[in-house]
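A.B. asks: Let me give you the structure first, and then I'll get to my questions.
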Amino acid sequence: MNNEMHKILHMKGGTGEQSYATNSKHQATTLSREVPVLVQSVIDFCNTNLPNLHHVTIAELGCSSGPTALSPITEIINNIYKTCSKKSHPPPEISVFLNDLPGNDFNTLFKYLPAFHDKIRIANGPDLPPCLVSGVPGSFHGRLFPSNSIHFVHSSFSLHWLSQVPPELRSKGNDGGVVNRGRIYVSKMSPGGVVEAYRDQFRRDFSGFLKARSEEVVVGGRMVVLFAGRMVADPAPDETCLLWDYLGQAFQELVNEGLIEEETLDTYNTPYYEAYIEEVKDEIEKEGSFGIQHLGSRKITWGDINGGINCDRETTTKNIAKSIRAGNESMFLNHFGPHIMDPLFQRFCNIMVDDTKVVDHFTIVVSLIRKH
């Protein structure tokens, strides 16, 4: 990961009103829908490896600081124990590595661990081998673990974050770069070079992610990942760009009011990309280390932002604003300064409430097996 981005990017920590832990309802809802794919992957892994299964190492990549990171780990562990019990095999020792960038609020995440261990014991009994949990700060775009040391990798809502803003998006057009003027992400009005730059950066990052994991995951090991993506080839559909367009409009209002300089806005681009599902498939096949067991998508409605409850547009808007702020505040603060945060999201809410569009979003869900 780009060293500057490595230091800046993190979800908003703590457990306050604007924290990621408080504003990750749609992540929790989507994870619950992923459970059948995850459980099947765990069962297949156990059935294949059970005779030699004495110690299992699990990695959660991009764990952030909320309790949602521990939900899939709980599912993985519970289903390992259930499968062992059904086949009268002694349960293995388990190591869990929780990974995110160094700026992540690991302290808040660790506070959820006593409840996590209690759930495991309640579900499986008190007489279990050790389940040892550790934090691993670092970028999953590179190596994190020793070779052939990981049995199961899980990652959710992380791989849409890029290792850096595409380098082709330079600050000034006269040096040969591309200026995404007045916008902070891909938009229908963005020059073609913007789309190409984002696509190329995703391909480099995703291929690098797969290559790093191929060296760390044992042969026959499993990986289940889900991240924001799109189901259409169009690089700028409303499903992926509408909320970013609202934000771009809000930023432009701050420029018009003199709260930020126009050049400051023109030099900001979000290190984020929602890949087309076929792009994901192509990169997996091109890298070649993993076989695809499942490749599909899950729909996220705006009601999911509210925890599955249909609310009026004003309430939904406020919840979406909090979710976006929890994920982007570290980068906005670094580039624009703290004075713009409240005005920015107030204008975002006003713009969104005044519109009438309602769009669904999608996550791509991939289950992989490390080839021989």
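Letters for chains follow the order of the structure tokens (A, B, ...), residue numbers begin at 1 for each chain, and ligand numbers begin at 1 in the order shown.
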Please provide as a PyMOL selection string all residues within 9 Å of Pro343 (chain A), with the sequence filter that same-chain residues fewer than 5 positions apart are discarded (counting only C-alpha atoms).
C.D. replies: chain A and resi 250+254+348
A.B. asks: Go ahead and save the residues from that selection, with all heavy atoms, as a PDB file, in the first residue's frame.
C.D. replies:
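Generated file (out08.pdb):
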ATOM      1  N   ALA A 250     -21.943  18.365  -2.739  1.00  0.00           N
ATOM      2  CA  ALA A 250     -21.782  19.019  -1.436  1.00  0.00           C
ATOM      3  C   ALA A 250     -20.430  19.720  -1.346  1.00  0.00           C
ATOM      4  O   ALA A 250     -20.331  20.856  -0.855  1.00  0.00           O
ATOM      5  CB  ALA A 250     -21.928  17.991  -0.317  1.00  0.00           C
ATOM      6  N   LEU A 254     -19.352  23.881  -0.992  1.00  0.00           N
ATOM      7  CA  LEU A 254     -18.350  24.457  -0.082  1.00  0.00           C
ATOM      8  C   LEU A 254     -17.356  25.321  -0.848  1.00  0.00           C
ATOM      9  O   LEU A 254     -16.897  26.347  -0.338  1.00  0.00           O
ATOM     10  CB  LEU A 254     -17.613  23.349   0.670  1.00  0.00           C
ATOM     11  CG  LEU A 254     -18.449  22.452   1.592  1.00  0.00           C
ATOM     12  CD1 LEU A 254     -17.537  21.492   2.358  1.00  0.00           C
ATOM     13  CD2 LEU A 254     -19.282  23.278   2.570  1.00  0.00           C
ATOM     14  N   PHE A 348     -24.632  17.499   2.195  1.00  0.00           N
ATOM     15  CA  PHE A 348     -24.909  16.180   1.611  1.00  0.00           C
ATOM     16  C   PHE A 348     -26.345  15.751   1.930  1.00  0.00           C
ATOM     17  O   PHE A 348     -27.079  15.304   1.043  1.00  0.00           O
ATOM     18  CB  PHE A 348     -23.915  15.147   2.153  1.00  0.00           C
ATOM     19  CG  PHE A 348     -24.252  13.725   1.802  1.00  0.00           C
ATOM     20  CD1 PHE A 348     -23.816  13.166   0.612  1.00  0.00           C
ATOM     21  CD2 PHE A 348     -25.010  12.933   2.662  1.00  0.00           C
ATOM     22  CE1 PHE A 348     -24.127  11.851   0.281  1.00  0.00           C
ATOM     23  CE2 PHE A 348     -25.327  11.625   2.339  1.00  0.00           C
ATOM     24  CZ  PHE A 348     -24.885  11.085   1.144  1.00  0.00           C
TER      25      PHE A 348
END
A.B. asks: As a list in words, which residues of region 13-155 of chain A does DSSP assign to strand (DSSP E or B)?
C.D. replies: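 Everything in region 13-155 of chain A that counts as strand (DSSP E or B) is His55, Val56, Thr57, Ile58, Ala59, Glu60, Leu61, Glu93, Ile94, Ser95, Val96, Phe97, Leu98, Asn99, Asp100, Cys131, Leu132, Val133, Ser134, Gly135, Val136, Pro137, Ile150, His151, Phe152, Val153, His154 and Ser155 of chain A.
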A.B. asks: What lies within 10 Å of Gly182 (chain A) using only C-alpha atoms, ignoring chain neighbours under 4 positions off, as a PyMOL selection string?
C.D. replies: chain A and resi 189-190+245+248-249+251-252+255+262-269
A.B. asks: Report the residues of region 65-264 of chain A whose backbone DSSP state falls under alpha helix (DSSP H), written as a PyMOL selection string.
C.D. replies: chain A and resi 70-86+106-110+113-124+192-216+238-256+262-264
A.B. asks: Of the candidates A:Met341, A:Met223, A:Cys311, A:Met331, which shows the shortest atom-to-atom distance to Leu259 (chain A), using only C-alpha atoms?
C.D. replies: A:Met341
A.B. asks: Can you tell me, as a list in words, what residues are no more than 10 Å from Phe209 (chain A) when counting only C-alpha atoms, ignoring any on the same chain fewer than 2 positions away?
C.D. replies: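 Surrounding residues, per the criterion: Ser139, Phe140, His141, Gly142, Arg143, Leu159, Arg203, Arg204, Asp205, Phe206, Ser207, Lys211, Ala212, Arg213, Ser214 and Glu287 of chain A.
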A.B. asks: Using N, CA and C atoms, can you export the residues from the last selection as an mmCIF file, in the first residue's frame?
C.D. replies:
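Contents of selection13.cif, as written:
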data_model
loop_
_atom_site.group_PDB
_atom_site.id
_atom_site.type_symbol
_atom_site.label_atom_id
_atom_site.label_comp_id
_atom_site.auth_asym_id
_atom_site.auth_seq_id
_atom_site.Cartn_x
_atom_site.Cartn_y
_atom_site.Cartn_z
ATOM 1 N N SER A 139 -0.946 -3.736 5.750
ATOM 2 C CA SER A 139 -1.792 -3.676 4.562
ATOM 3 C C SER A 139 -1.949 -5.052 3.937
ATOM 4 N N PHE A 140 -3.206 -5.459 3.680
ATOM 5 C CA PHE A 140 -3.430 -6.748 3.024
ATOM 6 C C PHE A 140 -3.084 -6.707 1.543
ATOM 7 N N HIS A 141 -2.678 -5.550 1.022
ATOM 8 C CA HIS A 141 -2.217 -5.506 -0.360
ATOM 9 C C HIS A 141 -0.824 -6.110 -0.501
ATOM 10 N N GLY A 142 -0.184 -6.429 0.628
ATOM 11 C CA GLY A 142 1.111 -7.099 0.617
ATOM 12 C C GLY A 142 1.103 -8.261 1.588
ATOM 13 N N ARG A 143 2.277 -8.871 1.804
ATOM 14 C CA ARG A 143 2.392 -10.017 2.693
ATOM 15 C C ARG A 143 2.165 -9.622 4.144
ATOM 16 N N LEU A 159 -11.968 -4.871 0.282
ATOM 17 C CA LEU A 159 -11.191 -4.904 -0.953
ATOM 18 C C LEU A 159 -11.604 -3.846 -1.968
ATOM 19 N N ARG A 203 -7.103 -3.524 -10.650
ATOM 20 C CA ARG A 203 -6.496 -4.751 -11.170
ATOM 21 C C ARG A 203 -5.140 -5.002 -10.539
ATOM 22 N N ARG A 204 -4.333 -3.962 -10.405
ATOM 23 C CA ARG A 204 -3.026 -4.131 -9.763
ATOM 24 C C ARG A 204 -3.186 -4.560 -8.313
ATOM 25 N N ASP A 205 -4.103 -3.902 -7.612
ATOM 26 C CA ASP A 205 -4.275 -4.183 -6.187
ATOM 27 C C ASP A 205 -4.863 -5.570 -5.949
ATOM 28 N N PHE A 206 -5.888 -5.931 -6.699
ATOM 29 C CA PHE A 206 -6.541 -7.213 -6.473
ATOM 30 C C PHE A 206 -5.615 -8.369 -6.849
ATOM 31 N N SER A 207 -4.883 -8.205 -7.939
ATOM 32 C CA SER A 207 -3.908 -9.214 -8.321
ATOM 33 C C SER A 207 -2.822 -9.357 -7.248
ATOM 34 N N LYS A 211 -1.924 -12.646 -5.022
ATOM 35 C CA LYS A 211 -0.556 -13.177 -5.022
ATOM 36 C C LYS A 211 -0.029 -13.311 -3.597
ATOM 37 N N ALA A 212 -0.261 -12.296 -2.760
ATOM 38 C CA ALA A 212 0.198 -12.358 -1.372
ATOM 39 C C ALA A 212 -0.470 -13.507 -0.625
ATOM 40 N N ARG A 213 -1.792 -13.651 -0.818
ATOM 41 C CA ARG A 213 -2.500 -14.727 -0.123
ATOM 42 C C ARG A 213 -2.064 -16.105 -0.640
ATOM 43 N N SER A 214 -1.717 -16.194 -1.927
ATOM 44 C CA SER A 214 -1.307 -17.490 -2.478
ATOM 45 C C SER A 214 -0.050 -18.011 -1.798
ATOM 46 N N GLU A 287 -4.546 -14.518 -12.263
ATOM 47 C CA GLU A 287 -3.520 -14.755 -11.244
ATOM 48 C C GLU A 287 -3.282 -16.247 -11.062
#
A.B. asks: Restricting the calculation to only C-alpha atoms, which member of A:Val217, A:Leu295, A:Val232, A:Val186 is positioned closest to Pro271 (chain A)?
C.D. replies: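 Using only C-alpha atoms, the shortest distance to Pro271 (chain A) belongs to A:Val186.
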A.B. asks: State, in Å with one decimal place, the distance from CA of Thr301 (chain A) to CA of Asp360 (chain A).
C.D. replies: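 Pair CA of Thr301 (chain A) / CA of Asp360 (chain A) returns 4.8 Å.
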A.B. asks: Show me, as a list in words, the residues that have an atom within 8 Å of region 41-48 of chain A when counting only C-alpha atoms, minus same-chain residues fewer than 5 positions from it.
C.D. replies: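 What passes the distance filter is Leu53, Ile76, Asn79, Ile80, Thr83, Cys84, Gly220, Gly221, Arg222, Val224 and Ser367 of chain A.
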A.B. asks: Using only C-alpha atoms, which of A:Trp244, A:Asn148, A:Pro338, A:Tyr185 sits nearest Ile320 (chain A)?
C.D. replies: A:Trp244
A.B. asks: I'd like to know which of A:Leu243, A:Lys286, A:Asn328, A:Ala321 is closest to Val358 (chain A), using only C-alpha atoms.
C.D. replies: A:Leu243
A.B. asks: Considering only C-alpha atoms, state which residue in the set A:Ile300, A:Ile260, A:Ile324, A:Leu113 is at the smallest distance from Ile340 (chain A).
C.D. replies: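 Result for the nearest residue to Ile340 (chain A): A:Ile260.
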A.B. asks: For Gly296 (chain A), list every protein, DNA or RNA residue within 9 Å, evaluated using only C-alpha atoms, and leave out those in the same chain fewer than 5 positions away; present the list as a PDB file with all heavy atoms, in the first residue's frame.
C.D. replies:
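So the final result, stored in result_24.pdb, reads:
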ATOM      1  N   ILE A 277     -18.291  -7.431 -11.681  1.00  0.00           N
ATOM      2  CA  ILE A 277     -18.095  -8.806 -11.250  1.00  0.00           C
ATOM      3  C   ILE A 277     -17.242  -9.602 -12.241  1.00  0.00           C
ATOM      4  O   ILE A 277     -16.448 -10.472 -11.842  1.00  0.00           O
ATOM      5  CB  ILE A 277     -19.459  -9.500 -10.999  1.00  0.00           C
ATOM      6  CG1 ILE A 277     -19.258 -10.833 -10.278  1.00  0.00           C
ATOM      7  CG2 ILE A 277     -20.253  -9.632 -12.292  1.00  0.00           C
ATOM      8  CD1 ILE A 277     -20.560 -11.434  -9.755  1.00  0.00           C
ATOM      9  N   THR A 363     -22.913  -6.156  -3.212  1.00  0.00           N
ATOM     10  CA  THR A 363     -21.623  -6.681  -2.793  1.00  0.00           C
ATOM     11  C   THR A 363     -21.341  -7.933  -3.607  1.00  0.00           C
ATOM     12  O   THR A 363     -22.250  -8.714  -3.924  1.00  0.00           O
ATOM     13  CB  THR A 363     -21.591  -7.036  -1.298  1.00  0.00           C
ATOM     14  OG1 THR A 363     -22.636  -7.982  -1.008  1.00  0.00           O
ATOM     15  CG2 THR A 363     -21.763  -5.816  -0.444  1.00  0.00           C
ATOM     16  N   ILE A 364     -20.078  -8.109  -3.957  1.00  0.00           N
ATOM     17  CA  ILE A 364     -19.625  -9.321  -4.642  1.00  0.00           C
ATOM     18  C   ILE A 364     -19.149 -10.299  -3.574  1.00  0.00           C
ATOM     19  O   ILE A 364     -18.415  -9.924  -2.655  1.00  0.00           O
ATOM     20  CB  ILE A 364     -18.502  -8.975  -5.623  1.00  0.00           C
ATOM     21  CG1 ILE A 364     -19.049  -8.095  -6.760  1.00  0.00           C
ATOM     22  CG2 ILE A 364     -17.871 -10.249  -6.192  1.00  0.00           C
ATOM     23  CD1 ILE A 364     -17.986  -7.534  -7.667  1.00  0.00           C
ATOM     24  N   VAL A 365     -19.581 -11.542  -3.683  1.00  0.00           N
ATOM     25  CA  VAL A 365     -19.214 -12.581  -2.714  1.00  0.00           C
ATOM     26  C   VAL A 365     -18.457 -13.671  -3.456  1.00  0.00           C
ATOM     27  O   VAL A 365     -18.953 -14.232  -4.441  1.00  0.00           O
ATOM     28  CB  VAL A 365     -20.462 -13.188  -2.041  1.00  0.00           C
ATOM     29  CG1 VAL A 365     -20.065 -14.206  -0.988  1.00  0.00           C
ATOM     30  CG2 VAL A 365     -21.332 -12.084  -1.420  1.00  0.00           C
ATOM     31  N   VAL A 366     -17.237 -13.969  -2.997  1.00  0.00           N
ATOM     32  CA  VAL A 366     -16.379 -14.926  -3.669  1.00  0.00           C
ATOM     33  C   VAL A 366     -15.861 -15.950  -2.660  1.00  0.00           C
ATOM     34  O   VAL A 366     -15.358 -15.580  -1.597  1.00  0.00           O
ATOM     35  CB  VAL A 366     -15.158 -14.256  -4.337  1.00  0.00           C
ATOM     36  CG1 VAL A 366     -14.451 -15.239  -5.255  1.00  0.00           C
ATOM     37  CG2 VAL A 366     -15.557 -13.011  -5.099  1.00  0.00           C
TER      38      VAL A 366
END
A.B. asks: CA of Ile58 (chain A) to CA of Pro126 (chain A): how many Å, to one decimal?
C.D. replies: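 Atom-to-atom, CA of Ile58 (chain A) to CA of Pro126 (chain A), that is 20.8 Å.
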A.B. asks: For each of A:Tyr272, A:Phe202, A:Phe362, A:Phe345, take the minimum atom-to-atom distance to Trp161 (chain A), counting only C-alpha atoms, then give the residue where this is smallest.
C.D. replies: A:Tyr272
